[in-house]
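Enquirer: So here's input-v7.txt, just compact mmCIF, C-alpha atoms:
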```
# COMPACT_ATOMS: atom_id res chain seq x y z
CA MET L 1028 1.80 30.84 2.61
CA GLU L 1029 0.98 33.79 4.87
CA LEU L 1030 0.49 37.13 3.16
CA THR L 1031 2.34 40.34 3.92
CA GLU L 1032 0.48 43.60 4.59
CA GLU L 1033 0.94 44.70 0.99
CA GLN L 1034 -0.30 41.35 -0.30
CA ILE L 1035 -3.37 41.52 1.99
CA ARG L 1036 -4.32 44.80 0.32
CA GLU L 1037 -3.81 43.24 -3.09
CA ALA L 1038 -5.89 40.21 -2.05
CA GLN L 1039 -8.83 42.48 -1.22
CA THR L 1040 -8.80 43.77 -4.80
CA GLU L 1041 -8.44 40.27 -6.24
CA LEU L 1042 -11.44 39.01 -4.23
CA LYS L 1043 -13.70 41.44 -6.10
CA ARG L 1044 -13.40 39.15 -9.12
CA PHE L 1045 -15.23 36.41 -7.22
CA LEU L 1046 -18.19 38.39 -5.87
CA PRO L 1047 -20.70 37.56 -4.50
CA ARG L 1048 -19.15 34.32 -3.22
CA SER L 1049 -16.15 36.17 -1.82
CA LEU L 1050 -18.26 38.97 -0.28
CA HIS L 1051 -17.84 37.91 3.35
CA VAL L 1052 -14.03 37.90 3.14
CA TYR L 1053 -13.84 40.86 0.79
CA GLY L 1054 -16.01 42.96 3.10
CA PHE L 1055 -13.87 42.09 6.11
CA LEU L 1056 -10.61 42.99 4.38
CA LEU L 1057 -12.12 46.20 3.00
CA LEU L 1058 -12.95 47.40 6.51
CA ARG L 1059 -9.75 46.05 7.97
CA ASN L 1060 -7.59 47.79 5.37
CA SER L 1061 -9.45 51.12 5.40
CA VAL L 1062 -10.92 51.66 8.87
CA THR L 1063 -9.44 49.61 11.68
CA PRO L 1064 -6.15 47.70 11.19
CA GLU L 1065 -7.27 44.59 13.05
CA SER L 1066 -4.55 42.03 13.70
CA VAL L 1067 -5.13 39.22 11.22
CA ALA L 1068 -3.25 36.42 9.51
CA VAL L 1069 -4.21 35.70 5.90
CA PHE L 1070 -3.18 32.42 4.27
CA VAL L 1071 -3.39 31.35 0.63
CA ASP L 1072 -2.39 28.22 -1.24
CA ARG L 1073 -0.31 30.22 -3.71
CA TRP L 1074 0.29 33.81 -4.73
CA PRO L 1075 -0.97 35.75 -6.57
CA ASP L 1076 -3.39 33.35 -8.27
CA PHE L 1077 -4.82 31.86 -5.08
CA ARG L 1078 -7.61 29.32 -5.10
CA VAL L 1079 -8.11 29.31 -1.32
CA LEU L 1080 -7.85 32.19 1.13
CA VAL L 1081 -8.22 31.84 4.90
CA CYS L 1082 -8.55 34.99 6.98
CA ARG L 1083 -7.82 34.38 10.68
CA PRO L 1084 -8.34 37.34 13.06
CA GLN L 1085 -6.44 37.33 16.32
CA ALA L 1086 -8.74 35.91 19.01
CA GLU L 1087 -8.55 35.60 22.76
CA GLU L 1088 -6.23 32.90 24.10
CA LYS L 1089 -9.08 30.39 24.53
CA GLY L 1090 -10.71 31.38 21.25
CA ASP L 1091 -13.58 33.68 20.40
CA PHE L 1092 -16.63 32.65 18.40
CA PHE L 1093 -17.25 36.24 17.37
CA LYS L 1094 -13.93 36.56 15.59
CA ASP L 1095 -14.79 34.31 12.69
CA VAL L 1096 -12.16 32.58 10.62
CA LEU L 1097 -13.36 33.56 7.14
CA VAL L 1098 -12.82 31.26 4.20
CA PHE L 1099 -12.98 31.72 0.45
CA ALA L 1100 -12.34 28.75 -1.83
CA ASN L 1101 -12.95 27.67 -5.40
CA ASP L 1102 -11.07 24.36 -5.11
CA GLU L 1103 -12.33 21.96 -2.44
CA THR L 1104 -9.36 19.60 -2.60
CA ILE L 1105 -6.95 22.43 -1.83
CA LEU L 1106 -9.34 23.83 0.78
CA LYS L 1107 -9.22 20.60 2.76
CA GLU L 1108 -5.45 20.52 2.55
CA ILE L 1109 -5.09 24.15 3.73
CA ILE L 1110 -7.41 23.97 6.74
CA LYS L 1111 -5.67 20.82 8.00
CA ARG L 1112 -2.38 22.69 8.36
CA PRO L 1113 -1.70 23.43 12.06
CA ASN L 1114 -0.13 26.80 11.29
CA VAL L 1115 -3.40 27.87 9.63
CA ILE L 1116 -6.03 26.40 11.99
CA ASN L 1117 -5.64 25.26 15.58
CA TRP L 1118 -8.43 22.67 15.80
CA ASN L 1119 -7.98 22.38 19.57
CA LYS L 1120 -9.38 25.88 20.16
CA GLN L 1121 -12.85 27.36 19.93
CA VAL L 1122 -13.26 28.42 16.32
CA CYS L 1123 -16.17 29.70 14.28
CA PHE L 1124 -15.72 29.48 10.52
CA GLY L 1125 -17.57 31.70 8.06
CA LEU L 1126 -17.79 29.81 4.78
CA ASN L 1127 -19.73 28.89 1.67
CA HIS L 1128 -22.35 26.34 2.75
CA GLN L 1129 -21.27 24.14 -0.16
CA HIS L 1130 -18.02 23.50 1.75
CA MET L 1131 -19.68 22.50 5.02
CA GLU L 1132 -19.05 18.75 4.65
CA ILE L 1133 -15.31 19.38 4.28
CA PHE L 1134 -15.18 21.21 7.60
CA LYS L 1135 -17.25 18.53 9.30
CA ALA L 1136 -14.89 15.86 7.96
CA VAL L 1137 -11.75 17.66 9.13
CA ALA L 1138 -13.28 18.27 12.58
CA SER L 1139 -14.06 14.56 12.76
CA GLU L 1140 -10.48 13.69 11.79
CA HIS L 1141 -9.27 15.88 14.66
CA LYS L 1142 -11.84 14.28 16.99
CA VAL L 1143 -13.31 17.64 18.01
CA PRO L 1144 -17.02 18.47 18.33
CA GLY L 1145 -18.46 20.68 15.62
CA CYS L 1146 -21.88 21.98 14.68
CA GLU L 1147 -23.48 23.95 11.89
CA HIS L 1148 -24.34 27.26 13.53
CA ALA L 1149 -26.32 29.17 10.89
CA VAL L 1150 -27.12 29.12 7.18
CA CYS L 1151 -28.03 32.41 5.54
CA HIS L 1152 -29.18 33.99 2.31
CA VAL L 1153 -26.68 36.60 1.13
CA MET L 1154 -28.86 39.56 0.14
CA ILE L 1155 -27.19 42.25 -2.00
CA LEU L 1156 -28.40 45.67 -3.07
CA GLU L 1157 -26.86 46.18 -6.49
CA ASP L 1158 -28.39 49.61 -7.19
CA VAL L 1159 -28.98 51.89 -4.23
CA SER L 1160 -30.79 54.41 -6.45
CA LYS L 1161 -33.66 51.92 -6.78
CA LEU L 1162 -34.47 51.98 -3.07
CA PRO L 1163 -38.12 52.97 -2.62
CA ALA L 1164 -38.94 56.35 -1.14
CA ILE L 1165 -39.38 55.93 2.62
CA ASP L 1166 -41.23 58.48 4.72
CA SER L 1167 -39.21 59.04 7.89
CA SER L 1168 -40.99 62.21 8.96
CA GLY L 1169 -41.73 62.18 12.66
CA ILE L 1170 -39.08 59.52 13.28
CA SER L 1171 -36.07 60.46 15.38
CA LEU L 1172 -32.92 58.81 13.97
CA SER L 1173 -29.53 58.67 15.65
CA SER L 1174 -26.41 56.52 15.94
CA LEU L 1175 -25.94 53.90 18.62
CA ASP L 1176 -23.38 54.55 21.32
CA GLU L 1177 -21.65 52.85 24.25
CA SER L 1178 -24.67 53.26 26.52
CA HIS L 1179 -26.70 50.99 24.24
CA ILE L 1180 -24.31 48.01 24.23
CA SER L 1181 -26.06 46.04 26.99
CA LEU L 1182 -29.46 46.45 25.33
CA LEU L 1183 -28.14 45.07 22.04
CA ASN L 1184 -26.39 42.20 23.79
CA GLU L 1185 -29.55 41.24 25.67
CA THR L 1186 -31.82 41.29 22.61
CA TRP L 1187 -29.51 39.76 19.99
CA LYS L 1188 -30.19 36.11 19.21
CA PHE L 1189 -26.49 35.24 19.48
CA GLY L 1190 -25.73 37.62 22.35
CA GLN L 1191 -25.97 37.47 26.13
CA CYS L 1192 -22.29 36.62 26.59
CA ALA L 1193 -19.00 38.45 27.15
CA GLU L 1194 -17.68 37.68 23.65
CA ALA L 1195 -20.78 39.20 22.00
CA LEU L 1196 -20.47 42.22 24.26
CA ARG L 1197 -16.91 42.80 23.06
CA MET L 1198 -17.94 42.41 19.44
CA ILE L 1199 -20.83 44.87 19.75
CA ARG L 1200 -18.62 47.41 21.52
CA ASN L 1201 -16.01 47.15 18.76
CA ASN L 1202 -18.59 47.52 16.00
CA LEU L 1203 -20.27 50.54 17.57
CA SER L 1204 -16.89 52.20 18.15
CA ASN L 1205 -15.60 51.74 14.60
CA PHE L 1206 -18.47 51.28 12.15
CA PRO L 1207 -21.73 53.04 11.17
CA SER L 1208 -24.97 52.34 13.03
CA CYS L 1209 -28.48 53.74 13.13
CA CYS L 1210 -31.38 53.63 15.58
CA VAL L 1211 -34.88 55.00 16.09
CA LEU L 1212 -35.32 56.89 19.36
CA ASP L 1213 -38.51 57.20 21.36
CA ALA L 1214 -39.72 60.42 23.01
CA GLU L 1215 -37.34 59.82 25.93
CA GLY L 1216 -34.32 59.39 23.66
CA LYS L 1217 -34.08 55.61 24.09
CA PRO L 1218 -33.51 53.23 21.15
CA VAL L 1219 -36.58 51.22 20.11
CA ALA L 1220 -35.20 49.87 16.81
CA TRP L 1221 -31.66 49.63 15.45
CA MET L 1222 -29.22 48.32 12.91
CA LEU L 1223 -25.44 48.26 12.71
CA MET L 1224 -22.63 46.98 10.54
CA TYR L 1225 -20.57 43.88 11.20
CA ASN L 1226 -16.80 43.72 10.68
CA SER L 1227 -17.48 42.00 7.34
CA SER L 1228 -19.17 45.29 6.25
CA ALA L 1229 -22.54 43.49 6.20
CA LEU L 1230 -25.65 45.16 7.57
CA GLY L 1231 -26.85 43.32 10.63
CA MET L 1232 -28.47 42.97 14.02
CA LEU L 1233 -31.69 44.56 12.76
CA TYR L 1234 -34.14 44.57 15.67
CA THR L 1235 -37.27 46.38 16.83
CA LEU L 1236 -38.59 46.10 20.37
CA PRO L 1237 -41.85 44.06 20.28
CA GLU L 1238 -44.05 46.93 21.46
CA HIS L 1239 -42.82 49.16 18.59
CA ARG L 1240 -43.23 46.77 15.66
CA GLY L 1241 -45.49 47.41 12.70
CA LYS L 1242 -44.45 51.06 12.34
CA GLY L 1243 -42.07 50.66 9.38
CA TYR L 1244 -38.93 51.26 11.42
CA ALA L 1245 -37.02 48.37 9.81
CA LYS L 1246 -37.46 49.82 6.31
CA VAL L 1247 -36.33 53.25 7.48
CA LEU L 1248 -33.21 51.80 9.11
CA ILE L 1249 -32.29 49.62 6.14
CA CYS L 1250 -32.67 52.44 3.63
CA THR L 1251 -30.78 54.92 5.82
CA MET L 1252 -27.87 52.53 6.40
CA ALA L 1253 -27.80 51.35 2.78
CA GLN L 1254 -27.49 54.90 1.46
CA ARG L 1255 -24.79 55.74 3.98
CA LEU L 1256 -22.69 52.66 3.30
CA HIS L 1257 -22.98 53.13 -0.45
CA ALA L 1258 -21.90 56.77 -0.13
CA GLU L 1259 -18.85 55.64 1.88
CA GLY L 1260 -17.85 53.05 -0.71
CA TYR L 1261 -18.93 49.85 1.01
CA PRO L 1262 -20.86 46.98 -0.58
CA VAL L 1263 -24.48 46.99 0.58
CA TYR L 1264 -25.45 43.50 1.68
CA CYS L 1265 -26.67 41.43 4.60
CA PHE L 1266 -27.07 37.88 5.83
CA VAL L 1267 -30.61 36.61 6.44
CA GLU L 1268 -31.05 33.28 8.17
CA GLU L 1269 -32.97 30.78 6.08
CA GLU L 1270 -35.75 30.48 8.63
CA ASN L 1271 -36.23 34.26 8.92
CA ALA L 1272 -38.98 34.68 6.33
CA LEU L 1273 -40.01 38.12 7.59
CA SER L 1274 -36.57 39.68 7.14
CA TYR L 1275 -36.21 37.98 3.77
CA ARG L 1276 -39.46 39.60 2.57
CA ILE L 1277 -38.45 43.03 3.89
CA PHE L 1278 -35.07 43.04 2.16
CA THR L 1279 -36.52 41.62 -1.05
CA LYS L 1280 -39.19 44.34 -1.20
CA LEU L 1281 -36.45 46.94 -0.80
CA GLY L 1282 -34.62 45.62 -3.87
CA PHE L 1283 -32.06 43.25 -2.34
CA THR L 1284 -31.38 40.15 -4.44
CA GLU L 1285 -29.34 36.97 -4.05
CA ASP L 1286 -27.57 34.27 -6.00
CA PRO L 1287 -29.98 31.38 -5.25
CA SER L 1288 -27.17 28.83 -5.60
CA TYR L 1289 -25.12 30.40 -2.82
CA ARG L 1290 -25.58 30.37 0.95
CA ALA L 1291 -23.25 31.67 3.64
CA ALA L 1292 -22.81 29.44 6.67
CA TRP L 1293 -21.06 29.29 10.03
CA PHE L 1294 -19.51 26.21 11.58
CA ARG L 1295 -18.36 26.07 15.20
CA VAL L 1296 -15.88 23.68 16.77
CA ASN L 1297 -15.15 23.10 20.46
CA GLU L 1298 -18.17 25.13 21.49
CA ASP L 1299 -17.84 23.90 25.07
CA GLY L 1300 -14.26 25.17 25.13
CA THR L 1301 -12.60 21.77 25.21
CA PRO L 1302 -11.23 19.63 22.36
```
Would you mind giving the structure from this file in structure tokens?
Expert:
Amino acid sequence: MELTEEQIREAQTELKRFLPRSLHVYGFLLLRNSVTPESVAVFVDRWPDFRVLVCRPQAEEKGDFFKDVLVFANDETILKEIIKRPNVINWNKQVCFGLNHQHMEIFKAVASEHKVPGCEHAVCHVMILEDVSKLPAIDSSGISLSSLDESHISLLNETWKFGQCAEALRMIRNNLSNFPSCCVLDAEGKPVAWMLMYNSSALGMLYTLPEHRGKGYAKVLICTMAQRLHAEGYPVYCFVEEENALSYRIFTKLGFTEDPSYRAAWFRVNEDGTP
């Protein structure tokens, strides 16, 4: 069934019971319900005691890999049944699913049944800061901090691992327009390091220009953003790709922890735009 607006707000509250495994979907609905009323369809297997919830933002006509279809499930049999329903997922479009990595084989199997190409896009640690008060003291004296703005969009798109395309450009523009961000400015007022928030309320896109690394900018940005998000009532968490050992060490040293049995993952279908 598809949820009404009132039920979507209730679902956000219900998802808190399943943290951290529901964090991706919970964070999206939290922002969607409180900041920007993004057009979205939310499906569950039953209400109110749902076992599967699929959150499908409205994408461009051909699809948009940066408007993830987010999935929470604690019953794999029902999950497979739900995502096979054509009113829930159009498997002939470009789709990127955000899911628990434990469910990856189900999505691969359903993609195979629909005879569409699919690939595992990323697997990430879900790093959570449970107690912001335990952040270490960070000396930011002499560092000029600011927020990112529209003039910085191209720079972020060019340097982001998953950027350099029109869809990423739209996503970055939306995030900078609606959500908190932070950057370090050089003497000329240009960003040399930055961090923003994704529409799942996760911290992300942490980056320092190569010639400015080794100065502690990442720690300053993480602590600044973490304190701000906590003060505004958001969960403080991020996704760190499994192969990114450096970021994993930085977040761990700052007090972020994870459930070692849980990984977030992304699965793309029809990446070339054709079924």
Enquirer: Need to verify the contact set: region 1185-1189 of chain L, 12 Å, only C-alpha atoms, exclusion of same-chain residues closer than 5 positions in sequence. Can you return it as a list of chain:residue names?
Expert: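 Within the cut-off, the hits are L:Phe1092, L:Phe1093, L:His1148, L:Ala1149, L:His1179, L:Ile1180, L:Glu1194, L:Ala1195, L:Leu1196, L:Met1198, L:Ile1199, L:Val1219, L:Ala1220, L:Trp1221, L:Met1222, L:Leu1223, L:Gly1231, L:Met1232, L:Leu1233, L:Tyr1234, L:Thr1235, L:Leu1236, L:Pro1237, L:Glu1268.
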Enquirer: Grab the CA of Val1071 (chain L) to CA of Phe1055 (chain L) distance for me, in Å with one decimal place.
Expert: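 It comes out at 16.0 Å.
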Enquirer: Under the rule that only C-alpha atoms are counted, which of L:Glu1132, L:Glu1157, L:Glu1041, L:Glu1147 is the nearest residue to Gln1254 (chain L)?
Expert: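 Nearest to Gln1254 (chain L): L:Glu1157.
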Enquirer: Provide the CA of Glu1298 (chain L) to CA of Val1137 (chain L) distance in Å, to one decimal place.
Expert: 15.8 Å
Enquirer: What gap, in Å, lies between CA of Ser1174 (chain L) and CA of Tyr1053 (chain L)?
Expert: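 About the pair CA of Ser1174 (chain L) and CA of Tyr1053 (chain L): they are 25.2 Å apart.
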Enquirer: So, with all atoms listed in the file as the atoms that count, which of L:Pro1287, L:Gly1243, L:Gly1282, L:Pro1262 lies closest to Ser1049 (chain L)?
Expert: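 Nearest to Ser1049 (chain L): L:Pro1262.
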Enquirer: Which of these residues is nearest to Leu1126 (chain L), using all atoms listed in the file: L:Thr1040, L:Thr1251, L:Ser1139, L:Asn1101?
Expert: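 Among the listed residues, L:Asn1101 lies closest to Leu1126 (chain L).
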Enquirer: Counting all atoms listed in the file, find the residues whose atoms lie at most 8 Å from (-42.8, 48.3, -0.9) (file coordinates) and write them out as a list in words.
Expert: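 Output of the proximity query reads Pro1163, Lys1280 and Leu1281 of chain L.
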Enquirer: For each of L:Trp1293, L:Phe1134, L:Phe1266, L:Tyr1244, take the minimum atom-to-atom distance to Ser1171 (chain L), counting all atoms listed in the file, then give the residue where this is smallest.
Expert: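 With all atoms listed in the file as the atom set, the closest residue is L:Tyr1244.
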Enquirer: Do a neighbour search on Lys1107 (chain L) at 10 Å with only C-alpha atoms, toss out local chain neighbours closer than 4 positions, and write the hits as a list in words.
Expert: Val1079, Ala1100, Asp1102, Glu1103, Lys1111, Arg1112, His1130, Ile1133, Phe1134, Ala1136 and Val1137 of chain L
Enquirer: Near Ser1288 (chain L), within 12 Å and counting only C-alpha atoms, which residues show up once chain neighbours fewer than 2 positions away are dropped, as a PyMOL selection string?
Expert: chain L and resi 1047-1048+1127-1129+1151-1153+1285-1286+1290-1291
Enquirer: Given the choices L:Leu1042, L:Val1115, L:Leu1097, L:Leu1183, which gets closest to Glu1029 (chain L) if the distance is worked out from all atoms listed in the file?
Expert: L:Val1115
Enquirer: Of the candidates L:Leu1046, L:Leu1057, L:Met1252, L:Val1296, which one gets nearest to Leu1162 (chain L) if we count all atoms listed in the file?
Expert: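 So, comparing all the options, the nearest one is L:Met1252.
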Enquirer: Write out as a ChimeraX atom specification each polymer residue whose atoms come within 10 Å of Val1052 (chain L), counting all atoms listed in the file; drop sequence neighbours fewer than 4 positions from it.
Expert: /L:1038-1039,1042-1043,1046,1048,1056-1057,1080-1082,1096-1099,1125-1126,1226-1228
Enquirer: Store the residues picked out above in a file with C-alpha atoms, as a PDB file, in the frame of the given file.
Expert:
```pdb
ATOM      1  CA  ALA L1038      -5.890  40.210  -2.050  1.00  0.00           C
ATOM      2  CA  GLN L1039      -8.830  42.480  -1.220  1.00  0.00           C
ATOM      3  CA  LEU L1042     -11.440  39.010  -4.230  1.00  0.00           C
ATOM      4  CA  LYS L1043     -13.700  41.440  -6.100  1.00  0.00           C
ATOM      5  CA  LEU L1046     -18.190  38.390  -5.870  1.00  0.00           C
ATOM      6  CA  ARG L1048     -19.150  34.320  -3.220  1.00  0.00           C
ATOM      7  CA  LEU L1056     -10.610  42.990   4.380  1.00  0.00           C
ATOM      8  CA  LEU L1057     -12.120  46.200   3.000  1.00  0.00           C
ATOM      9  CA  LEU L1080      -7.850  32.190   1.130  1.00  0.00           C
ATOM     10  CA  VAL L1081      -8.220  31.840   4.900  1.00  0.00           C
ATOM     11  CA  CYS L1082      -8.550  34.990   6.980  1.00  0.00           C
ATOM     12  CA  VAL L1096     -12.160  32.580  10.620  1.00  0.00           C
ATOM     13  CA  LEU L1097     -13.360  33.560   7.140  1.00  0.00           C
ATOM     14  CA  VAL L1098     -12.820  31.260   4.200  1.00  0.00           C
ATOM     15  CA  PHE L1099     -12.980  31.720   0.450  1.00  0.00           C
ATOM     16  CA  GLY L1125     -17.570  31.700   8.060  1.00  0.00           C
ATOM     17  CA  LEU L1126     -17.790  29.810   4.780  1.00  0.00           C
ATOM     18  CA  ASN L1226     -16.800  43.720  10.680  1.00  0.00           C
ATOM     19  CA  SER L1227     -17.480  42.000   7.340  1.00  0.00           C
ATOM     20  CA  SER L1228     -19.170  45.290   6.250  1.00  0.00           C
TER      21      SER L1228
END
```
Enquirer: Show me the residues close to (-10.3, 17.0, 17.2) - anything with an atom within 9 Å, counting all atoms listed in the file - and format the list as a ChimeraX atom specification.
Expert: /L:1118-1119,1137-1144,1296-1297,1302
Enquirer: Residues near Arg1255 (chain L), anyone? I mean within 12 Å using all atoms listed in the file, not counting same-chain ones fewer than 4 positions away, as a ChimeraX atom specification.
Expert: /L:1159,1206-1209,1223-1224,1230,1248-1251,1259-1263
Enquirer: With N, CA and C atoms as the target, complete region 1030-1062 of chain L and hand it back as a PDB file, in the coordinates of the input.
Expert:
```pdb
ATOM      1  N   LEU L1030       0.310  35.915   3.932  1.00  0.00           N
ATOM      2  CA  LEU L1030       0.490  37.130   3.160  1.00  0.00           C
ATOM      3  C   LEU L1030       1.089  38.257   3.995  1.00  0.00           C
ATOM      4  N   THR L1031       1.832  39.124   3.318  1.00  0.00           N
ATOM      5  CA  THR L1031       2.340  40.340   3.920  1.00  0.00           C
ATOM      6  C   THR L1031       1.227  41.397   3.915  1.00  0.00           C
ATOM      7  N   GLU L1032       1.469  42.526   4.574  1.00  0.00           N
ATOM      8  CA  GLU L1032       0.480  43.600   4.590  1.00  0.00           C
ATOM      9  C   GLU L1032       0.164  44.080   3.175  1.00  0.00           C
ATOM     10  N   GLU L1033       1.166  44.257   2.361  1.00  0.00           N
ATOM     11  CA  GLU L1033       0.940  44.700   0.990  1.00  0.00           C
ATOM     12  C   GLU L1033       0.126  43.671   0.211  1.00  0.00           C
ATOM     13  N   GLN L1034       0.441  42.402   0.395  1.00  0.00           N
ATOM     14  CA  GLN L1034      -0.300  41.350  -0.300  1.00  0.00           C
ATOM     15  C   GLN L1034      -1.751  41.256   0.183  1.00  0.00           C
ATOM     16  N   ILE L1035      -1.999  41.530   1.478  1.00  0.00           N
ATOM     17  CA  ILE L1035      -3.370  41.520   1.990  1.00  0.00           C
ATOM     18  C   ILE L1035      -4.200  42.591   1.279  1.00  0.00           C
ATOM     19  N   ARG L1036      -3.610  43.752   1.048  1.00  0.00           N
ATOM     20  CA  ARG L1036      -4.320  44.800   0.320  1.00  0.00           C
ATOM     21  C   ARG L1036      -4.585  44.387  -1.123  1.00  0.00           C
ATOM     22  N   GLU L1037      -3.631  43.715  -1.722  1.00  0.00           N
ATOM     23  CA  GLU L1037      -3.810  43.240  -3.090  1.00  0.00           C
ATOM     24  C   GLU L1037      -4.872  42.135  -3.142  1.00  0.00           C
ATOM     25  N   ALA L1038      -4.906  41.295  -2.104  1.00  0.00           N
ATOM     26  CA  ALA L1038      -5.890  40.210  -2.050  1.00  0.00           C
ATOM     27  C   ALA L1038      -7.310  40.757  -1.997  1.00  0.00           C
ATOM     28  N   GLN L1039      -7.499  41.857  -1.277  1.00  0.00           N
ATOM     29  CA  GLN L1039      -8.830  42.480  -1.220  1.00  0.00           C
ATOM     30  C   GLN L1039      -9.301  42.822  -2.631  1.00  0.00           C
ATOM     31  N   THR L1040      -8.435  43.418  -3.423  1.00  0.00           N
ATOM     32  CA  THR L1040      -8.800  43.770  -4.800  1.00  0.00           C
ATOM     33  C   THR L1040      -9.081  42.531  -5.627  1.00  0.00           C
ATOM     34  N   GLU L1041      -8.267  41.511  -5.473  1.00  0.00           N
ATOM     35  CA  GLU L1041      -8.440  40.270  -6.240  1.00  0.00           C
ATOM     36  C   GLU L1041      -9.754  39.590  -5.909  1.00  0.00           C
ATOM     37  N   LEU L1042     -10.191  39.660  -4.645  1.00  0.00           N
ATOM     38  CA  LEU L1042     -11.440  39.010  -4.230  1.00  0.00           C
ATOM     39  C   LEU L1042     -12.664  39.598  -4.915  1.00  0.00           C
ATOM     40  N   LYS L1043     -12.563  40.833  -5.407  1.00  0.00           N
ATOM     41  CA  LYS L1043     -13.700  41.440  -6.100  1.00  0.00           C
ATOM     42  C   LYS L1043     -14.080  40.641  -7.343  1.00  0.00           C
ATOM     43  N   ARG L1044     -13.120  39.937  -7.920  1.00  0.00           N
ATOM     44  CA  ARG L1044     -13.400  39.150  -9.120  1.00  0.00           C
ATOM     45  C   ARG L1044     -14.357  37.992  -8.836  1.00  0.00           C
ATOM     46  N   PHE L1045     -14.446  37.594  -7.572  1.00  0.00           N
ATOM     47  CA  PHE L1045     -15.230  36.410  -7.220  1.00  0.00           C
ATOM     48  C   PHE L1045     -16.527  36.747  -6.494  1.00  0.00           C
ATOM     49  N   LEU L1046     -16.912  38.021  -6.492  1.00  0.00           N
ATOM     50  CA  LEU L1046     -18.190  38.390  -5.870  1.00  0.00           C
ATOM     51  C   LEU L1046     -19.346  37.728  -6.604  1.00  0.00           C
ATOM     52  N   PRO L1047     -20.434  37.321  -5.918  1.00  0.00           N
ATOM     53  CA  PRO L1047     -20.700  37.560  -4.500  1.00  0.00           C
ATOM     54  C   PRO L1047     -20.148  36.491  -3.555  1.00  0.00           C
ATOM     55  N   ARG L1048     -19.561  35.419  -4.088  1.00  0.00           N
ATOM     56  CA  ARG L1048     -19.150  34.320  -3.220  1.00  0.00           C
ATOM     57  C   ARG L1048     -17.974  34.679  -2.325  1.00  0.00           C
ATOM     58  N   SER L1049     -17.266  35.717  -2.662  1.00  0.00           N
ATOM     59  CA  SER L1049     -16.150  36.170  -1.820  1.00  0.00           C
ATOM     60  C   SER L1049     -16.546  37.347  -0.931  1.00  0.00           C
ATOM     61  N   LEU L1050     -17.830  37.715  -0.911  1.00  0.00           N
ATOM     62  CA  LEU L1050     -18.260  38.970  -0.280  1.00  0.00           C
ATOM     63  C   LEU L1050     -17.931  39.036   1.196  1.00  0.00           C
ATOM     64  N   HIS L1051     -18.104  37.940   1.909  1.00  0.00           N
ATOM     65  CA  HIS L1051     -17.840  37.910   3.350  1.00  0.00           C
ATOM     66  C   HIS L1051     -16.385  38.275   3.641  1.00  0.00           C
ATOM     67  N   VAL L1052     -15.456  37.648   2.918  1.00  0.00           N
ATOM     68  CA  VAL L1052     -14.030  37.900   3.140  1.00  0.00           C
ATOM     69  C   VAL L1052     -13.624  39.253   2.581  1.00  0.00           C
ATOM     70  N   TYR L1053     -14.147  39.571   1.397  1.00  0.00           N
ATOM     71  CA  TYR L1053     -13.840  40.860   0.790  1.00  0.00           C
ATOM     72  C   TYR L1053     -14.284  42.006   1.700  1.00  0.00           C
ATOM     73  N   GLY L1054     -15.501  41.910   2.235  1.00  0.00           N
ATOM     74  CA  GLY L1054     -16.010  42.960   3.100  1.00  0.00           C
ATOM     75  C   GLY L1054     -15.180  43.134   4.361  1.00  0.00           C
ATOM     76  N   PHE L1055     -14.722  42.012   4.922  1.00  0.00           N
ATOM     77  CA  PHE L1055     -13.870  42.090   6.110  1.00  0.00           C
ATOM     78  C   PHE L1055     -12.557  42.795   5.796  1.00  0.00           C
ATOM     79  N   LEU L1056     -11.897  42.388   4.713  1.00  0.00           N
ATOM     80  CA  LEU L1056     -10.610  42.990   4.380  1.00  0.00           C
ATOM     81  C   LEU L1056     -10.761  44.455   3.997  1.00  0.00           C
ATOM     82  N   LEU L1057     -11.871  44.805   3.350  1.00  0.00           N
ATOM     83  CA  LEU L1057     -12.120  46.200   3.000  1.00  0.00           C
ATOM     84  C   LEU L1057     -12.148  47.073   4.254  1.00  0.00           C
ATOM     85  N   LEU L1058     -12.898  46.649   5.261  1.00  0.00           N
ATOM     86  CA  LEU L1058     -12.950  47.400   6.510  1.00  0.00           C
ATOM     87  C   LEU L1058     -11.615  47.369   7.234  1.00  0.00           C
ATOM     88  N   ARG L1059     -11.021  46.197   7.262  1.00  0.00           N
ATOM     89  CA  ARG L1059      -9.750  46.050   7.970  1.00  0.00           C
ATOM     90  C   ARG L1059      -8.665  46.932   7.361  1.00  0.00           C
ATOM     91  N   ASN L1060      -8.639  47.029   6.049  1.00  0.00           N
ATOM     92  CA  ASN L1060      -7.590  47.790   5.370  1.00  0.00           C
ATOM     93  C   ASN L1060      -7.856  49.298   5.359  1.00  0.00           C
ATOM     94  N   SER L1061      -9.119  49.704   5.545  1.00  0.00           N
ATOM     95  CA  SER L1061      -9.450  51.120   5.400  1.00  0.00           C
ATOM     96  C   SER L1061      -9.869  51.803   6.692  1.00  0.00           C
ATOM     97  N   VAL L1062     -10.363  51.038   7.665  1.00  0.00           N
ATOM     98  CA  VAL L1062     -10.920  51.660   8.870  1.00  0.00           C
ATOM     99  C   VAL L1062     -10.124  51.304  10.114  1.00  0.00           C
TER     100      VAL L1062
END
```
